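S.K.: Handing you a structure now.
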Amino acid sequence: MNPGKKLRSYGLFIAGKDIEGDGWVYTVSAKSLLEDVFTSVSLKRTLEKDADSDAAEHPYVIGRCAIADDAAIDLATEAAAAAAPGWAAVPLERRIRLGSLFREELLRREDEFVEMLVAESHPVKLARWELSCLLQVYSEESIRWYAQQMHTEFEDRGRRLIVRRQPDGVVAFNPPQNAPAPSAALAVLAMMAGNAVVVRAPRSIALSTLWVLRDVAAPLLDEVGAPPGTLNVVCANPKQTLDRWISSPLIDDIFYIGGSQEGLRFQEQCVAHGKKPILELAGNDGIIVWKDADLGYAAEAITESFYGSGQICMVPNYVLAHPDIADDLIAEVKRKVADVRPGYPDQEDVLLSPVRRTERFFGLLDRALEQGAELVTGGLRTELDGTPSETGVFLQPTVLRVDGMSTAREHEVVRHETFFPLLPIVVAEPDTDEVLLDRFLDFVNSNEYGLRNSLWAKDETVVDTFVQRVVNGGLLKVNDSHIGFLPYLPSHGGTGLTGGVFGEANYPMLKTSHVQGISIARDVSPHETVFGD
């Protein structure tokens, strides 16, 4: 391999050391997959057979990660189990400091973070949005709130009372392929809680995960005095890894990000093996637009549905529109959708990502139209420049009108997450506002999924009613970006098919710990305490 070639190369990171793996997986730039997919795939196959091949010098090739076999996966788990007691004994103040240091390092290396994600097909604007998530998750405001939740003290009749959270032990993380690095970065929160972690970097897209954990987080653990093995990262096959985690008596929690059906089956396996499942599954988020809403802003939020071609779990998946403003809202959405365009991920005005498997998109679209939905805009494949094409790797942002709330969930595109740039706008049947408000609330609360919900309304009574009565989901946004991040509030988590039977707003620092109560008494009679004499 030419020493002048800048190729990122990561071994397995176990017990504070970089160790060899069982072969390599290679990352080629996302831009190359749009320019010459045949060459890109050929380069990966050549290098995976011969790591010393001259193919490593090709400009399309940007990095490689070592592959873990069964022994390495188990070694990482053992390293975490050995480190966990010592790390849990470190004072909370020092562990909490890890979050502040991590945020500072992300800010210092912001350009590098964005470059890593762009190389893996994230449009540059969305890469910055993903960074904004981590900056809010690790903001000073949020960290102070985490610290309060982790340890609070009271005085009561000669006693010092403590309500605190203790770490669960060893937490395994399984990030998704669509956003592995930002998801893997949540492992820092589990470590702040006092856990040791093992993270699986997805084999098909491992580079950014290794970078954010090995290059950014690992040196900070040394700085705060964490024992080797507090953080371990392996690149491995998902089933191979999850099966070993499930069967290992050393793993306490498994943070699983994936589809709902697979996740719910995985939940059952976890419980059967005495492990805590922490699920981050599909979403089917709704935006509700009342008759007095600011339609311009509401349409902006609705258009977020198409960011990343809808391949983001927390974007809106359906809209519920008041009949009085439905026509105007749909017209405004159609205008704004025209600005959501495809292109190379490093181009500033690009928001669409390639969609490789489109058969299901067209199947969903055709069935919706057969059931009476109306095509408002989109519905075709498109090339890089936006030209409709039968062979394009992008999909046009596609908006459907579905008339009638009572039968809307007969449409699969309304009832379930599609993970495509395909958005149904459900127009409610005319009725009194009092009846419509109740029906809108019933529609939201009866959603099988429960990640995020949004409301656009000016009437304070309507807003207050939604805030009081919406129980579905982990987050409710009112007159705000649906996908924007804020301090204190959760970035992930929800109810139903989104989070499983234990589903709620997901604060990883809290989800990977458990509550403990303590009373430290001074000169207190046990007899008097029990009998009050």
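By convention in this document, the chains of the structure tokens carry letters A, B, ... by their order, each chain's residues are numbered from 1, and ligands are numbered from 1 in the order they are shown.
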Residues at most 9 Å from Gly86 of chain A, counting only C-alpha atoms, excluding those fewer than 4 positions away in the same chain, as a ChimeraX atom specification?
M.R.: /A:82,90,226-227
S.K.: Write out as a list in words which residues come within 7 Å of segment 504-507 of chain A when counting only C-alpha atoms, dropping same-chain ones fewer than 3 positions away.
M.R.: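 Everything that qualifies: Gly474, Leu475, Pro490, His492, Gly493, Gly494, Thr495, Gly499, Leu510 and Lys511 of chain A.
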S.K.: Which neighbours of Ser42 of chain A fall inside 12 Å, counting only C-alpha atoms, when residues of the same chain fewer than 6 positions from it are skipped, and could you give them as a ChimeraX atom specification?
M.R.: /A:26,28,32-33,36,48-49,55-56,58,60-61
S.K.: Quick one: everything within 10 Å of Phe466 of chain A, counting only C-alpha atoms, minus sequence neighbours fewer than 4 positions away in the same chain. Send it as a PDB file with all heavy atoms, in the first residue's frame.
M.R.:
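Listed below is the output, selection_5.pdb:
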```
ATOM      1  N   LEU A 437     -61.738  18.508  16.888  1.00  0.00           N
ATOM      2  CA  LEU A 437     -60.638  18.471  17.845  1.00  0.00           C
ATOM      3  C   LEU A 437     -60.567  17.111  18.541  1.00  0.00           C
ATOM      4  O   LEU A 437     -59.490  16.515  18.676  1.00  0.00           O
ATOM      5  CB  LEU A 437     -60.803  19.586  18.875  1.00  0.00           C
ATOM      6  CG  LEU A 437     -59.673  19.763  19.893  1.00  0.00           C
ATOM      7  CD1 LEU A 437     -58.340  19.991  19.211  1.00  0.00           C
ATOM      8  CD2 LEU A 437     -59.996  20.922  20.838  1.00  0.00           C
ATOM      9  N   ASP A 438     -61.712  16.599  18.961  1.00  0.00           N
ATOM     10  CA  ASP A 438     -61.743  15.279  19.591  1.00  0.00           C
ATOM     11  C   ASP A 438     -61.284  14.191  18.623  1.00  0.00           C
ATOM     12  O   ASP A 438     -60.539  13.276  18.995  1.00  0.00           O
ATOM     13  CB  ASP A 438     -63.156  14.952  20.084  1.00  0.00           C
ATOM     14  CG  ASP A 438     -63.519  15.690  21.365  1.00  0.00           C
ATOM     15  OD1 ASP A 438     -62.593  16.122  22.083  1.00  0.00           O
ATOM     16  OD2 ASP A 438     -64.723  15.837  21.646  1.00  0.00           O
ATOM     17  N   PHE A 440     -59.320  14.554  15.972  1.00  0.00           N
ATOM     18  CA  PHE A 440     -57.881  14.698  15.719  1.00  0.00           C
ATOM     19  C   PHE A 440     -57.076  14.058  16.849  1.00  0.00           C
ATOM     20  O   PHE A 440     -56.105  13.342  16.623  1.00  0.00           O
ATOM     21  CB  PHE A 440     -57.515  16.181  15.596  1.00  0.00           C
ATOM     22  CG  PHE A 440     -57.752  16.775  14.230  1.00  0.00           C
ATOM     23  CD1 PHE A 440     -58.724  16.256  13.386  1.00  0.00           C
ATOM     24  CD2 PHE A 440     -57.019  17.864  13.806  1.00  0.00           C
ATOM     25  CE1 PHE A 440     -58.953  16.815  12.133  1.00  0.00           C
ATOM     26  CE2 PHE A 440     -57.222  18.427  12.550  1.00  0.00           C
ATOM     27  CZ  PHE A 440     -58.194  17.905  11.709  1.00  0.00           C
ATOM     28  N   LEU A 441     -57.495  14.322  18.085  1.00  0.00           N
ATOM     29  CA  LEU A 441     -56.789  13.759  19.238  1.00  0.00           C
ATOM     30  C   LEU A 441     -56.889  12.229  19.242  1.00  0.00           C
ATOM     31  O   LEU A 441     -55.899  11.537  19.525  1.00  0.00           O
ATOM     32  CB  LEU A 441     -57.351  14.333  20.528  1.00  0.00           C
ATOM     33  CG  LEU A 441     -56.922  15.761  20.839  1.00  0.00           C
ATOM     34  CD1 LEU A 441     -57.876  16.415  21.824  1.00  0.00           C
ATOM     35  CD2 LEU A 441     -55.489  15.772  21.386  1.00  0.00           C
ATOM     36  N   VAL A 444     -54.445  10.843  16.637  1.00  0.00           N
ATOM     37  CA  VAL A 444     -53.047  10.881  17.081  1.00  0.00           C
ATOM     38  C   VAL A 444     -52.792   9.816  18.140  1.00  0.00           C
ATOM     39  O   VAL A 444     -51.813   9.055  18.069  1.00  0.00           O
ATOM     40  CB  VAL A 444     -52.689  12.281  17.631  1.00  0.00           C
ATOM     41  CG1 VAL A 444     -51.301  12.274  18.278  1.00  0.00           C
ATOM     42  CG2 VAL A 444     -52.746  13.319  16.520  1.00  0.00           C
ATOM     43  N   SER A 454     -46.489  16.637  16.024  1.00  0.00           N
ATOM     44  CA  SER A 454     -46.441  18.093  15.934  1.00  0.00           C
ATOM     45  C   SER A 454     -47.842  18.662  15.754  1.00  0.00           C
ATOM     46  O   SER A 454     -48.695  18.032  15.121  1.00  0.00           O
ATOM     47  CB  SER A 454     -45.593  18.544  14.738  1.00  0.00           C
ATOM     48  OG  SER A 454     -44.227  18.377  14.972  1.00  0.00           O
ATOM     49  N   LEU A 455     -48.039  19.845  16.307  1.00  0.00           N
ATOM     50  CA  LEU A 455     -49.288  20.584  16.130  1.00  0.00           C
ATOM     51  C   LEU A 455     -48.975  21.985  15.642  1.00  0.00           C
ATOM     52  O   LEU A 455     -48.063  22.647  16.162  1.00  0.00           O
ATOM     53  CB  LEU A 455     -50.049  20.680  17.455  1.00  0.00           C
ATOM     54  CG  LEU A 455     -51.233  21.655  17.496  1.00  0.00           C
ATOM     55  CD1 LEU A 455     -52.379  21.153  16.617  1.00  0.00           C
ATOM     56  CD2 LEU A 455     -51.715  21.894  18.919  1.00  0.00           C
ATOM     57  N   GLU A 460     -55.078  29.177  21.656  1.00  0.00           N
ATOM     58  CA  GLU A 460     -54.450  28.659  22.875  1.00  0.00           C
ATOM     59  C   GLU A 460     -55.248  27.514  23.484  1.00  0.00           C
ATOM     60  O   GLU A 460     -54.666  26.597  24.103  1.00  0.00           O
ATOM     61  CB  GLU A 460     -54.286  29.781  23.898  1.00  0.00           C
ATOM     62  CG  GLU A 460     -53.257  30.825  23.486  1.00  0.00           C
ATOM     63  CD  GLU A 460     -53.036  31.868  24.563  1.00  0.00           C
ATOM     64  OE1 GLU A 460     -53.611  31.720  25.667  1.00  0.00           O
ATOM     65  OE2 GLU A 460     -52.289  32.824  24.304  1.00  0.00           O
ATOM     66  N   THR A 461     -56.554  27.531  23.313  1.00  0.00           N
ATOM     67  CA  THR A 461     -57.367  26.434  23.832  1.00  0.00           C
ATOM     68  C   THR A 461     -57.036  25.132  23.108  1.00  0.00           C
ATOM     69  O   THR A 461     -56.920  24.064  23.730  1.00  0.00           O
ATOM     70  CB  THR A 461     -58.864  26.748  23.686  1.00  0.00           C
ATOM     71  OG1 THR A 461     -59.159  27.939  24.422  1.00  0.00           O
ATOM     72  CG2 THR A 461     -59.723  25.603  24.203  1.00  0.00           C
ATOM     73  N   VAL A 462     -56.884  25.227  21.788  1.00  0.00           N
ATOM     74  CA  VAL A 462     -56.521  24.044  21.002  1.00  0.00           C
ATOM     75  C   VAL A 462     -55.137  23.544  21.418  1.00  0.00           C
ATOM     76  O   VAL A 462     -54.927  22.340  21.631  1.00  0.00           O
ATOM     77  CB  VAL A 462     -56.555  24.372  19.492  1.00  0.00           C
ATOM     78  CG1 VAL A 462     -55.994  23.204  18.670  1.00  0.00           C
ATOM     79  CG2 VAL A 462     -57.981  24.681  19.052  1.00  0.00           C
ATOM     80  N   VAL A 470     -52.591  14.634  24.533  1.00  0.00           N
ATOM     81  CA  VAL A 470     -51.796  13.738  23.673  1.00  0.00           C
ATOM     82  C   VAL A 470     -50.908  12.861  24.552  1.00  0.00           C
ATOM     83  O   VAL A 470     -50.040  13.355  25.262  1.00  0.00           O
ATOM     84  CB  VAL A 470     -50.957  14.532  22.659  1.00  0.00           C
ATOM     85  CG1 VAL A 470     -49.931  13.609  21.983  1.00  0.00           C
ATOM     86  CG2 VAL A 470     -51.849  15.161  21.600  1.00  0.00           C
ATOM     87  N   VAL A 471     -51.141  11.577  24.520  1.00  0.00           N
ATOM     88  CA  VAL A 471     -50.330  10.628  25.297  1.00  0.00           C
ATOM     89  C   VAL A 471     -49.429   9.792  24.400  1.00  0.00           C
ATOM     90  O   VAL A 471     -48.533   9.096  24.881  1.00  0.00           O
ATOM     91  CB  VAL A 471     -51.231   9.696  26.144  1.00  0.00           C
ATOM     92  CG1 VAL A 471     -51.996  10.488  27.182  1.00  0.00           C
ATOM     93  CG2 VAL A 471     -52.196   8.904  25.253  1.00  0.00           C
ATOM     94  N   LEU A 476     -43.675  15.997  21.810  1.00  0.00           N
ATOM     95  CA  LEU A 476     -44.727  16.773  21.150  1.00  0.00           C
ATOM     96  C   LEU A 476     -44.175  18.160  20.865  1.00  0.00           C
ATOM     97  O   LEU A 476     -43.734  18.853  21.778  1.00  0.00           O
ATOM     98  CB  LEU A 476     -45.977  16.865  22.036  1.00  0.00           C
ATOM     99  CG  LEU A 476     -47.103  17.786  21.548  1.00  0.00           C
ATOM    100  CD1 LEU A 476     -47.649  17.320  20.206  1.00  0.00           C
ATOM    101  CD2 LEU A 476     -48.230  17.857  22.583  1.00  0.00           C
ATOM    102  N   VAL A 478     -44.983  21.967  19.208  1.00  0.00           N
ATOM    103  CA  VAL A 478     -46.082  22.862  18.873  1.00  0.00           C
ATOM    104  C   VAL A 478     -45.514  24.081  18.172  1.00  0.00           C
ATOM    105  O   VAL A 478     -44.662  24.786  18.718  1.00  0.00           O
ATOM    106  CB  VAL A 478     -46.869  23.296  20.136  1.00  0.00           C
ATOM    107  CG1 VAL A 478     -47.997  24.249  19.748  1.00  0.00           C
ATOM    108  CG2 VAL A 478     -47.429  22.067  20.863  1.00  0.00           C
TER     109      VAL A 478
END
```
S.K.: Please report, as a PyMOL selection string, each residue of segment 265-306 of chain A to which DSSP assigns alpha helix (DSSP H) when run on this structure's backbone.
M.R.: chain A and resi 265-272+295-303
S.K.: Using N, CA, C and O atoms, can you write the selected residues to a file as an mmCIF file, in the first residue's frame?
M.R.:
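File produced: out.cif:
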```cif
data_model
loop_
_atom_site.group_PDB
_atom_site.id
_atom_site.type_symbol
_atom_site.label_atom_id
_atom_site.label_comp_id
_atom_site.auth_asym_id
_atom_site.auth_seq_id
_atom_site.Cartn_x
_atom_site.Cartn_y
_atom_site.Cartn_z
ATOM 1 N N ARG A 265 -39.461 -8.680 18.358
ATOM 2 C CA ARG A 265 -39.001 -10.058 18.562
ATOM 3 C C ARG A 265 -37.722 -10.071 19.395
ATOM 4 O O ARG A 265 -37.545 -10.928 20.280
ATOM 5 N N PHE A 266 -36.855 -9.105 19.134
ATOM 6 C CA PHE A 266 -35.612 -9.012 19.892
ATOM 7 C C PHE A 266 -35.898 -8.694 21.356
ATOM 8 O O PHE A 266 -35.230 -9.203 22.268
ATOM 9 N N GLN A 267 -36.905 -7.859 21.597
ATOM 10 C CA GLN A 267 -37.313 -7.532 22.967
ATOM 11 C C GLN A 267 -37.667 -8.801 23.746
ATOM 12 O O GLN A 267 -37.266 -8.970 24.911
ATOM 13 N N GLU A 268 -38.415 -9.692 23.116
ATOM 14 C CA GLU A 268 -38.797 -10.942 23.773
ATOM 15 C C GLU A 268 -37.573 -11.774 24.128
ATOM 16 O O GLU A 268 -37.493 -12.371 25.212
ATOM 17 N N GLN A 269 -36.604 -11.817 23.219
ATOM 18 C CA GLN A 269 -35.378 -12.569 23.496
ATOM 19 C C GLN A 269 -34.626 -11.967 24.685
ATOM 20 O O GLN A 269 -34.116 -12.697 25.543
ATOM 21 N N CYS A 270 -34.552 -10.646 24.713
ATOM 22 C CA CYS A 270 -33.850 -9.985 25.810
ATOM 23 C C CYS A 270 -34.487 -10.322 27.151
ATOM 24 O O CYS A 270 -33.792 -10.705 28.108
ATOM 25 N N VAL A 271 -35.785 -10.170 27.242
ATOM 26 C CA VAL A 271 -36.477 -10.421 28.500
ATOM 27 C C VAL A 271 -36.305 -11.879 28.914
ATOM 28 O O VAL A 271 -36.081 -12.190 30.093
ATOM 29 N N ALA A 272 -36.391 -12.789 27.945
ATOM 30 C CA ALA A 272 -36.235 -14.206 28.255
ATOM 31 C C ALA A 272 -34.847 -14.520 28.804
ATOM 32 O O ALA A 272 -34.679 -15.474 29.570
ATOM 33 N N LEU A 295 -49.679 28.764 7.739
ATOM 34 C CA LEU A 295 -49.517 27.723 6.730
ATOM 35 C C LEU A 295 -48.122 27.718 6.118
ATOM 36 O O LEU A 295 -47.612 26.657 5.721
ATOM 37 N N GLY A 296 -47.480 28.874 6.043
ATOM 38 C CA GLY A 296 -46.121 28.925 5.511
ATOM 39 C C GLY A 296 -45.157 28.148 6.379
ATOM 40 O O GLY A 296 -44.385 27.309 5.890
ATOM 41 N N TYR A 297 -45.188 28.414 7.673
ATOM 42 C CA TYR A 297 -44.307 27.698 8.594
ATOM 43 C C TYR A 297 -44.691 26.222 8.686
ATOM 44 O O TYR A 297 -43.829 25.339 8.764
ATOM 45 N N ALA A 298 -45.997 25.949 8.720
ATOM 46 C CA ALA A 298 -46.434 24.556 8.783
ATOM 47 C C ALA A 298 -45.936 23.775 7.574
ATOM 48 O O ALA A 298 -45.469 22.636 7.705
ATOM 49 N N ALA A 299 -45.997 24.386 6.403
ATOM 50 C CA ALA A 299 -45.515 23.716 5.192
ATOM 51 C C ALA A 299 -44.010 23.485 5.246
ATOM 52 O O ALA A 299 -43.506 22.468 4.752
ATOM 53 N N GLU A 300 -43.273 24.410 5.858
ATOM 54 C CA GLU A 300 -41.832 24.195 6.033
ATOM 55 C C GLU A 300 -41.575 22.944 6.865
ATOM 56 O O GLU A 300 -40.712 22.124 6.535
ATOM 57 N N ALA A 301 -42.306 22.827 7.970
ATOM 58 C CA ALA A 301 -42.134 21.658 8.839
ATOM 59 C C ALA A 301 -42.551 20.378 8.116
ATOM 60 O O ALA A 301 -41.901 19.336 8.250
ATOM 61 N N ILE A 302 -43.623 20.452 7.342
ATOM 62 C CA ILE A 302 -44.095 19.277 6.605
ATOM 63 C C ILE A 302 -43.054 18.830 5.588
ATOM 64 O O ILE A 302 -42.821 17.624 5.398
ATOM 65 N N THR A 303 -42.388 19.781 4.967
ATOM 66 C CA THR A 303 -41.385 19.467 3.953
ATOM 67 C C THR A 303 -40.195 18.711 4.546
ATOM 68 O O THR A 303 -39.465 18.020 3.822
#
```
S.K.: Apply DSSP to the structure's backbone, then extract all residues of segment 118-243 of chain A labelled strand (DSSP E) and return them as a PyMOL selection string.
M.R.: chain A and resi 151-156+159-167+170-174+196-202+231-236
S.K.: Report, in Å to a single decimal, how far apart atom CA of Ala147 of chain A and atom CA of Ala79 of chain A are.
M.R.: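 For atom CA of Ala79 of chain A relative to atom CA of Ala147 of chain A, the distance reads 26.8 Å.
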S.K.: Given only C-alpha atoms as the basis, pick out the residue of A:Arg452, A:Arg94, A:Lys44, A:Lys458 nearest to Lys477 of chain A.
M.R.: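 Under the stated criterion, the closest residue is A:Arg452.
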S.K.: With a distance cut-off of 10 Å and only C-alpha atoms, select the neighbouring residues of Val426 of chain A, excluding the residue or stretch itself and same-chain residues fewer than 2 positions from it, and output the selection as a list in words.
M.R.: Ile288, Tyr318, Val319, Leu320, Ala321, His322, Pro323, Ala326, Ala373, Leu400, Arg401, Val402, Asp403, Gly404, Met405, Ser406, Thr407, Ala408, Arg409, Val414, Leu423, Pro424, Ala428 and Glu429 of chain A
S.K.: Could you state the separation of atom CA of His122 of chain A and atom CA of Ser139 of chain A in Å, given to one decimal place?
M.R.: 23.4 Å
S.K.: Using only C-alpha atoms, which of the listed residues (A:Ala83, A:Leu436, A:Val315, A:Val25) sits closest to Asp50 of chain A?
M.R.: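 Between A:Ala83, A:Leu436, A:Val315, A:Val25, the residue approaching Asp50 of chain A most closely is A:Val25.
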S.K.: In Å, how far is it from atom CA of Val37 of chain A to atom CA of Glu110 of chain A?
M.R.: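 Separation of atom CA of Val37 of chain A and atom CA of Glu110 of chain A: 28.7 Å.
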S.K.: Might you pull out every residue within 12 Å of Trp211 of chain A, with only C-alpha atoms counted and same-chain residues fewer than 2 positions away left off, and present them as a count of residues only?
M.R.: 36
S.K.: With only C-alpha atoms as the atoms that count, which of A:Val376, A:Leu135, A:Leu489, A:Val198 lies nearest to Trp245 of chain A?
M.R.: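 Checking each of A:Val376, A:Leu135, A:Leu489, A:Val198 against Trp245 of chain A, counting only C-alpha atoms, the winner is A:Val198.
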S.K.: When you count only C-alpha atoms, which of these residues is closest to Glu412 of chain A: A:Leu451, A:Asn284, A:Pro388, A:Glu434?
M.R.: A:Asn284
S.K.: Select, from A:Val524, A:Leu352, A:Leu375, A:Ile251, the residue with the minimum atom-to-atom distance to Lys125 of chain A, counting only C-alpha atoms.
M.R.: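 So, comparing all the options, the nearest one is A:Leu352.
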S.K.: Let me make sure I understand: among A:Val137, A:Ala196, A:Leu75, A:Val188, which one has the smallest atom-to-atom distance to Trp87 of chain A if we use only C-alpha atoms?
M.R.: A:Ala196
